[in-house]
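Shown next, in structure tokens, is the structure this report addresses.
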Amino acid sequence: MKRTVFTAALVATTAMAGAVAAQDYPSEEIEVIVGYSAGGGTDVMARTVAPFLEEYLGNNATVVVKNMPGASGQIGVTEVATAEPDGYTLGTFNLPGMMARTLDREADYDADSFTYLANVVNDPNVIVTPGSSDIDTMEKLVEAASEEPGAMTVAMSSLGGDDHLFLVKVQEATDTEMTVVPFSGSAPARTALMGGHVGMGIINLSEAVNFLDDLNVVGIASEERSDLAPDVPTLAEQGYEITNGGLRGFVAPDGLPEEVEQKLLDAFQQAFDDPEFQEAMISTGNPVRLTLGEEFEELTQEQLDLATRIWENTPWK
Amino acid sequence: MKHHLTRPHPDLIAGVVVILASVLLMLRAGTMPAMTALLPFAMLGALIVLSLVMIVRALMRDADPETARPDVFDSRNRFFGVCAAIGLYVAAVALIGFYTSTAIMIPAVSWAFGFRKPVPLALATAIFVGGIALIFHVLMGQDLPAEFFAR
Amino acid sequence: MYGALLDALPEVLGWANLLAVVVGVLSGICVGALPGLSATMAISVLIPFTFGMSPLVALGMMAGIYNGAMYGGSIPAVLLRIPGTPAAVATSFDGYPMAQKGRGGYALQVAVVSSALGGIASAIVLMLLAPPLAKVTLLFGPAEIFWVAVFGMSSIVFLLSGDIVKGLMSAAFGVFVSLIGADTISGYDRFTFGRLELLDGINIIVLLVGLYALPPAVGLLEEPKDIDASNATRLSTGSIWSAIPGMLGYWKTWLRSAIIGIFVGILPGAGGSMAAFLSWNEARRASSNPDEWGHGEPEGVAAAETANNADTASAMIPALTLGIPGTAVAAVMLGGLLIHGLQPGPMLFRSNPEIVFGFMWQFLFAAILLIFLGGSIATNSFAQVLRLPRPILGAIIIALVFIGVYSINGRMFDVYLTLGFGVIGYFMEKLKFPLPPVVLGLILGKFAEENLRLALRIGRGDWSVLWSSTTSLIIIGLTLVVVLMPILRQQVAKRRAARQP
């Protein structure tokens, strides 16, 4: 009882203090919580973005990355959702994973728990086959997969991620049924594929670009061809209007003071416009695309709707 | 060896504990799909069967007063003392911070468990805590649970 | 390609890059030698710190730590029977009995020489054969990897010294612990009790530290006579160079263990402890006095230490070429590459040859440095540290356990888990349950299960997928030979004995 009163008082004072502090934000160290270990794709993105945020927030801002790995990022994102919305705790956010977790697992957060800042990376899915395979177009792929239901074995990373949702889309669009082989990550899935142990694989573009000699990339699930692999045709070119990808961005807890939010959005926009930033992101293998604020929130809702639809039709557990 | 007749063989207690734990865990595995539950069930089943073998063996050996049985504790009081100290230390680290707790724990535990020379003790504590602080805090910027006065 | 190797050399010989390797090896030995701390933890702490450093300085430190820790882990394994790394478990089999007999100093000398040789062999293989060996890795799909795990498991049979019932219980416990966490194939969670921290499974370090480091710490305090805990007073401190000629007789073991270590390294996932267990077994089987093993046979230390250093550099082969690390430490090191924007794959060798090949040189230098740094300086100073009065040593180990476990993921939960395993480990020790099968069970249990199920998925339920490739058949054959040979040999020996009464 005492404790609740105390907490309530604390929240009230910090809220008031927050309103005042918003004008000279940032005056303290900003912590970006990353739900993965140091050296993962999301971590590298956060560390690459941090110095640009510092520069464009001004005020001698310091941005530090804090890794809270575990449960495919869920521990970290839960920490962000429940943090004080004062702009000093931000976090990385992965789609559709973070939203899919609210369906297939108990989660202490939902789509409304966040203030959406900026989605920075959009890593489109690609369909790949072993270099030794003669399947190199969608036409041949669909033909092989239609032989009998389940004839095509598909290596991908975990269930309920962007790879998986994409596969469901592909099966719907091509009217085929494939055998899912969920590896414990994209790298082992890609290795099994390169060894010819599975028929095809679904990974992200950034995971394929370094292996173009050993893999056939059948198609890329983006609206346009990518600069990272300009020879790879889109799925749309081959008659299948499917786009999908893994998204990585930044969020803050819900209820961020508007002024703070605006400052952060501006900083992200300025960082994005900085050619040095673009170069830094591409050198770490991240296909960049900026989606700011409300649009990012809509994007999240879209991804959630997609995951919900698939979860209801074909639950993966 | 005096309590030989009054206390059951430690293998017997261990067997019963393992069986109880395995059965409880098996109940949890009941709701999983078949392939997911297969190996856990196999392992828990194996633990139960092996425990039964161990219990029977212990009972047979118990009938024979000549066989020696393992002593579980060198000293019961000391064992529980050490456990309490470790538990208290971990709780203290979470509550009042790593460096403070460690600076108290090392001399306190050493003193309580028989090493009572103040100067070497203070020196060892200072070198250890200082060294850790230097490497983890100053050099690597690594966060250990924060001190209560610096939060 | 070999031209690129030479081109990378001058850069590596720059003073900053050399210094990084020296610092890495020294810190690696420390980290390995201090019970509770591990290479996994040291490298995960180091990675964020290296962001913004020059890549070769960062990678050199990591290569040094990896090699240093693999040897350093043998110091407490020999002196206190606390393996400093998971891979040093097999080192303690013969190392600790040697220390008890007053030959601890020699055990450490054998360990340092064997570690260095294993590391050197591994680094040379990494430098010269990385691309072809990556092709070997590709031969191993889920079915083949499943059989490798079975092969590793078969060595449990030899670890069940004495009490078979208790040995099997230990193994079953280890396998069960490996199953805790999300089942990636069905998406269901197993025995996580709703805790997110358990979803990724139990970290090997948490189990190892709980089972192996906490109970001895309790023991040091339980029996607090002001005596030397470590057999360190009986350490011979003779020069390493004068000891080497006496070890040359181990050359067969060195060679065999290096090959085993390198081979296990290029396979994804199984890691250093399996290499050490396998090679200890094989060396014992080949030995003329197998009964001495486990009671202080120096060749046992040589076998284990050669193998666990021989898989350091080779574990980087699949990591660099395919993005799949061969050991748990290599997995963390992969993060160290990624943080510098170095994406694994064939492109890496073309786009950043000076870094990739430089990194390989650093592995070689780190292994060579082991003899100089580990030989006398480190070994002697650590032997002194371990001579601290028992109560202080016990208290310090408790604090180190805390740091070592907390720093891996930065959370208290892992510390609580470690305490739980500490209690279990204490009673297992007292009731004479062997601990090595638990470690092997944890490493190989889920690994085998997951690959079996993936293979069956690929075969769409048809079990013949398990023996449809030549690679699978070869491994199955090897396993049978390893399991059946001792029995056959016994039979032959019996018959001979019967013939010559």
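Labeling convention for the structure tokens: chains A, B, ... as they appear, residues from 1 per chain, ligands from 1 in order of appearance.
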**OP:** Mind the document's chain letters and residue numbers, and return as a list in words the residues of region 95-129 of chain B that DSSP labels helix (DSSP H, G or I).
**Re:**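 The residues of region 95-129 of chain B classed as helix (DSSP H, G or I) are Leu95, Ile96, Phe98, Tyr99, Thr100, Ser101, Thr102, Ala103, Ile104, Met105, Ile106, Pro107, Ala108, Val109, Ser110, Trp111, Ala112, Pro118, Val119, Pro120, Leu121, Ala122, Leu123, Ala124, Thr125, Ala126, Ile127, Phe128 and Val129 of chain B.
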For the contact check between region 257-323 of chain C and region 478-496 of chain C, emit one row per residue of region 257-323 of chain C within 10 Å, containing the shortest atom pair and the distance in Å rounded to one decimal, counting only C-alpha atoms, chain then rising number order, as CSV.
```
residue,atom,partner,partner_atom,distance
C:Asn281,CA,C:Val482,CA,9.4
C:Glu282,CA,C:Val482,CA,8.4
C:Arg285,CA,C:Pro486,CA,7.7
```
**OP:** Show which residues sit within 10 Å of Leu322 (chain C), as a ChimeraX atom specification. Count only C-alpha atoms, and ignore same-chain residues fewer than 5 positions away.
**Re:** /A:187-188,190-191,194,210-211 /C:134-135,137-138,268,316-317,343-346
Can I get the selection written as an mmCIF file, in the first residue's frame, with C-alpha atoms?
```cif
data_model
loop_
_atom_site.group_PDB
_atom_site.id
_atom_site.type_symbol
_atom_site.label_atom_id
_atom_site.label_comp_id
_atom_site.auth_asym_id
_atom_site.auth_seq_id
_atom_site.Cartn_x
_atom_site.Cartn_y
_atom_site.Cartn_z
ATOM 1 C CA ALA A 187 23.286 -18.883 -41.204
ATOM 2 C CA PRO A 188 22.722 -22.609 -40.515
ATOM 3 C CA ARG A 190 21.902 -20.986 -45.608
ATOM 4 C CA THR A 191 24.703 -23.503 -44.968
ATOM 5 C CA MET A 194 24.591 -24.399 -49.909
ATOM 6 C CA ASN A 210 28.018 -12.299 -49.715
ATOM 7 C CA PHE A 211 27.204 -15.718 -51.128
ATOM 8 C CA ALA C 134 34.571 -25.072 -45.735
ATOM 9 C CA LYS C 135 33.525 -27.422 -48.526
ATOM 10 C CA THR C 137 31.586 -28.452 -43.670
ATOM 11 C CA LEU C 138 28.995 -28.217 -46.434
ATOM 12 C CA PRO C 268 29.236 -26.382 -36.571
ATOM 13 C CA MET C 316 36.803 -19.913 -37.243
ATOM 14 C CA ILE C 317 36.775 -21.683 -40.635
ATOM 15 C CA GLN C 343 30.191 -10.016 -42.864
ATOM 16 C CA PRO C 344 31.213 -13.680 -43.115
ATOM 17 C CA GLY C 345 31.243 -15.341 -46.503
ATOM 18 C CA PRO C 346 33.479 -15.788 -49.531
#
```
Sorted per-residue table, chain A near chain C, closest atoms and distance, 7 Å, only C-alpha atoms, as a Markdown table:
```
| residue | atom | partner | partner_atom | distance |
| --- | --- | --- | --- | --- |
| A:Ala38 | CA | C:Pro48 | CA | 6.0 |
| A:Gly39 | CA | C:Gly335 | CA | 3.7 |
| A:Gly40 | CA | C:Gly335 | CA | 6.0 |
| A:Val44 | CA | C:Ile339 | CA | 5.6 |
| A:Met68 | CA | C:Asn409 | CA | 6.6 |
| A:Pro69 | CA | C:Asn409 | CA | 6.3 |
| A:Gly70 | CA | C:Glu197 | CA | 6.1 |
| A:Ala71 | CA | C:Leu199 | CA | 5.3 |
| A:Ile75 | CA | C:Leu196 | CA | 6.6 |
| A:Thr153 | CA | C:Ile458 | CA | 6.1 |
| A:Ser158 | CA | C:Thr184 | CA | 6.2 |
| A:Leu159 | CA | C:Gly187 | CA | 6.5 |
| A:Val181 | CA | C:Leu454 | CA | 6.2 |
| A:Pro182 | CA | C:Ile185 | CA | 5.6 |
| A:Ser184 | CA | C:Thr184 | CA | 6.2 |
| A:Ala187 | CA | C:Gly323 | CA | 5.6 |
| A:Pro188 | CA | C:Ile324 | CA | 6.2 |
| A:Thr191 | CA | C:Leu322 | CA | 6.5 |
| A:Ala192 | CA | C:Gly141 | CA | 5.6 |
| A:Met194 | CA | C:Leu138 | CA | 6.8 |
| A:Gly195 | CA | C:Leu138 | CA | 4.5 |
| A:His197 | CA | C:Gly141 | CA | 5.8 |
| A:Val198 | CA | C:Ile458 | CA | 6.7 |
| A:Asn210 | CA | C:Met347 | CA | 5.2 |
| A:Phe211 | CA | C:Gly345 | CA | 6.2 |
| A:Ser283 | CA | C:Gly341 | CA | 6.4 |
| A:Thr284 | CA | C:Gly341 | CA | 4.3 |
| A:Lys317 | CA | C:Gly187 | CA | 5.6 |
```
Sorted per-residue table, chain B near chain A, closest atoms and distance, 12 Å, only C-alpha atoms, as a tab-separated table:
```
residue	atom	partner	partner_atom	distance
B:Met32	CA	A:Lys317	CA	10.1
B:Pro33	CA	A:Lys317	CA	9.1
B:Thr36	CA	A:Lys317	CA	11.1
B:Gly141	CA	A:Val64	CA	10.9
B:Gln142	CA	A:Lys66	CA	10.0
B:Asp143	CA	A:Lys66	CA	9.6
```
Original post:
Using only C-alpha atoms, which residue out of B:Arg61, B:Leu47, B:Ala91, B:Ile19 lies closest to chain C?
Top reply: B:Leu47
Kindly provide the residues of chain C that approach chain B to within 8 Å, each paired with its closest atom pair and their distance in Å to one decimal, based on only C-alpha atoms, listed by chain and increasing number, as a tab-separated table.
```
residue	atom	partner	partner_atom	distance
C:Val45	CA	B:Gln142	CA	7.0
C:Leu46	CA	B:Met140	CA	7.1
C:Phe49	CA	B:Met140	CA	6.2
C:Val165	CA	B:Leu50	CA	6.2
C:Lys166	CA	B:Leu50	CA	7.8
C:Leu168	CA	B:Leu50	CA	7.8
C:Met169	CA	B:Leu47	CA	5.8
C:Ala172	CA	B:Met43	CA	5.4
C:Phe173	CA	B:Met43	CA	7.3
C:Val175	CA	B:Met43	CA	7.2
C:Phe176	CA	B:Pro40	CA	6.1
C:Leu179	CA	B:Pro40	CA	7.0
C:Asp183	CA	B:Thr36	CA	7.0
C:Ser186	CA	B:Thr36	CA	6.9
C:Tyr188	CA	B:Met32	CA	7.2
C:Arg190	CA	B:Ala29	CA	7.4
C:Phe191	CA	B:Arg28	CA	7.3
C:Val218	CA	B:Val82	CA	6.3
C:Leu221	CA	B:Phe113	CA	6.0
C:Glu222	CA	B:Arg78	CA	5.5
C:Glu223	CA	B:Asp74	CA	7.4
C:Pro224	CA	B:Gly114	CA	6.1
C:Lys225	CA	B:Gly114	CA	7.5
C:Asp226	CA	B:Phe115	CA	7.4
C:Pro389	CA	B:Phe115	CA	7.3
C:Pro391	CA	B:Ser110	CA	4.7
C:Ile392	CA	B:Ser110	CA	5.2
C:Ala395	CA	B:Ile106	CA	5.3
C:Ile396	CA	B:Ile106	CA	6.6
C:Ile398	CA	B:Ile86	CA	7.4
C:Ala399	CA	B:Thr102	CA	6.7
C:Phe402	CA	B:Val90	CA	7.9
C:Ile403	CA	B:Leu144	CA	7.6
C:Tyr406	CA	B:Leu144	CA	7.6
C:Ser407	CA	B:Leu144	CA	7.3
C:Gly410	CA	B:Leu144	CA	7.5
C:Met412	CA	B:Ala94	CA	7.5
C:Val415	CA	B:Val90	CA	8.0
C:Phe427	CA	B:Val72	CA	7.2
C:Lys430	CA	B:Val72	CA	5.4
C:Leu431	CA	B:Pro70	CA	6.5
C:Glu449	CA	B:Leu39	CA	7.6
```
Subject >> Length of the CA of Asp163 (chain A) to CA of Gly245 (chain A) vector [Å] >> reply: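 Taking CA of Asp163 (chain A) as the start and CA of Gly245 (chain A) as the end point, the length is 7.7 Å.
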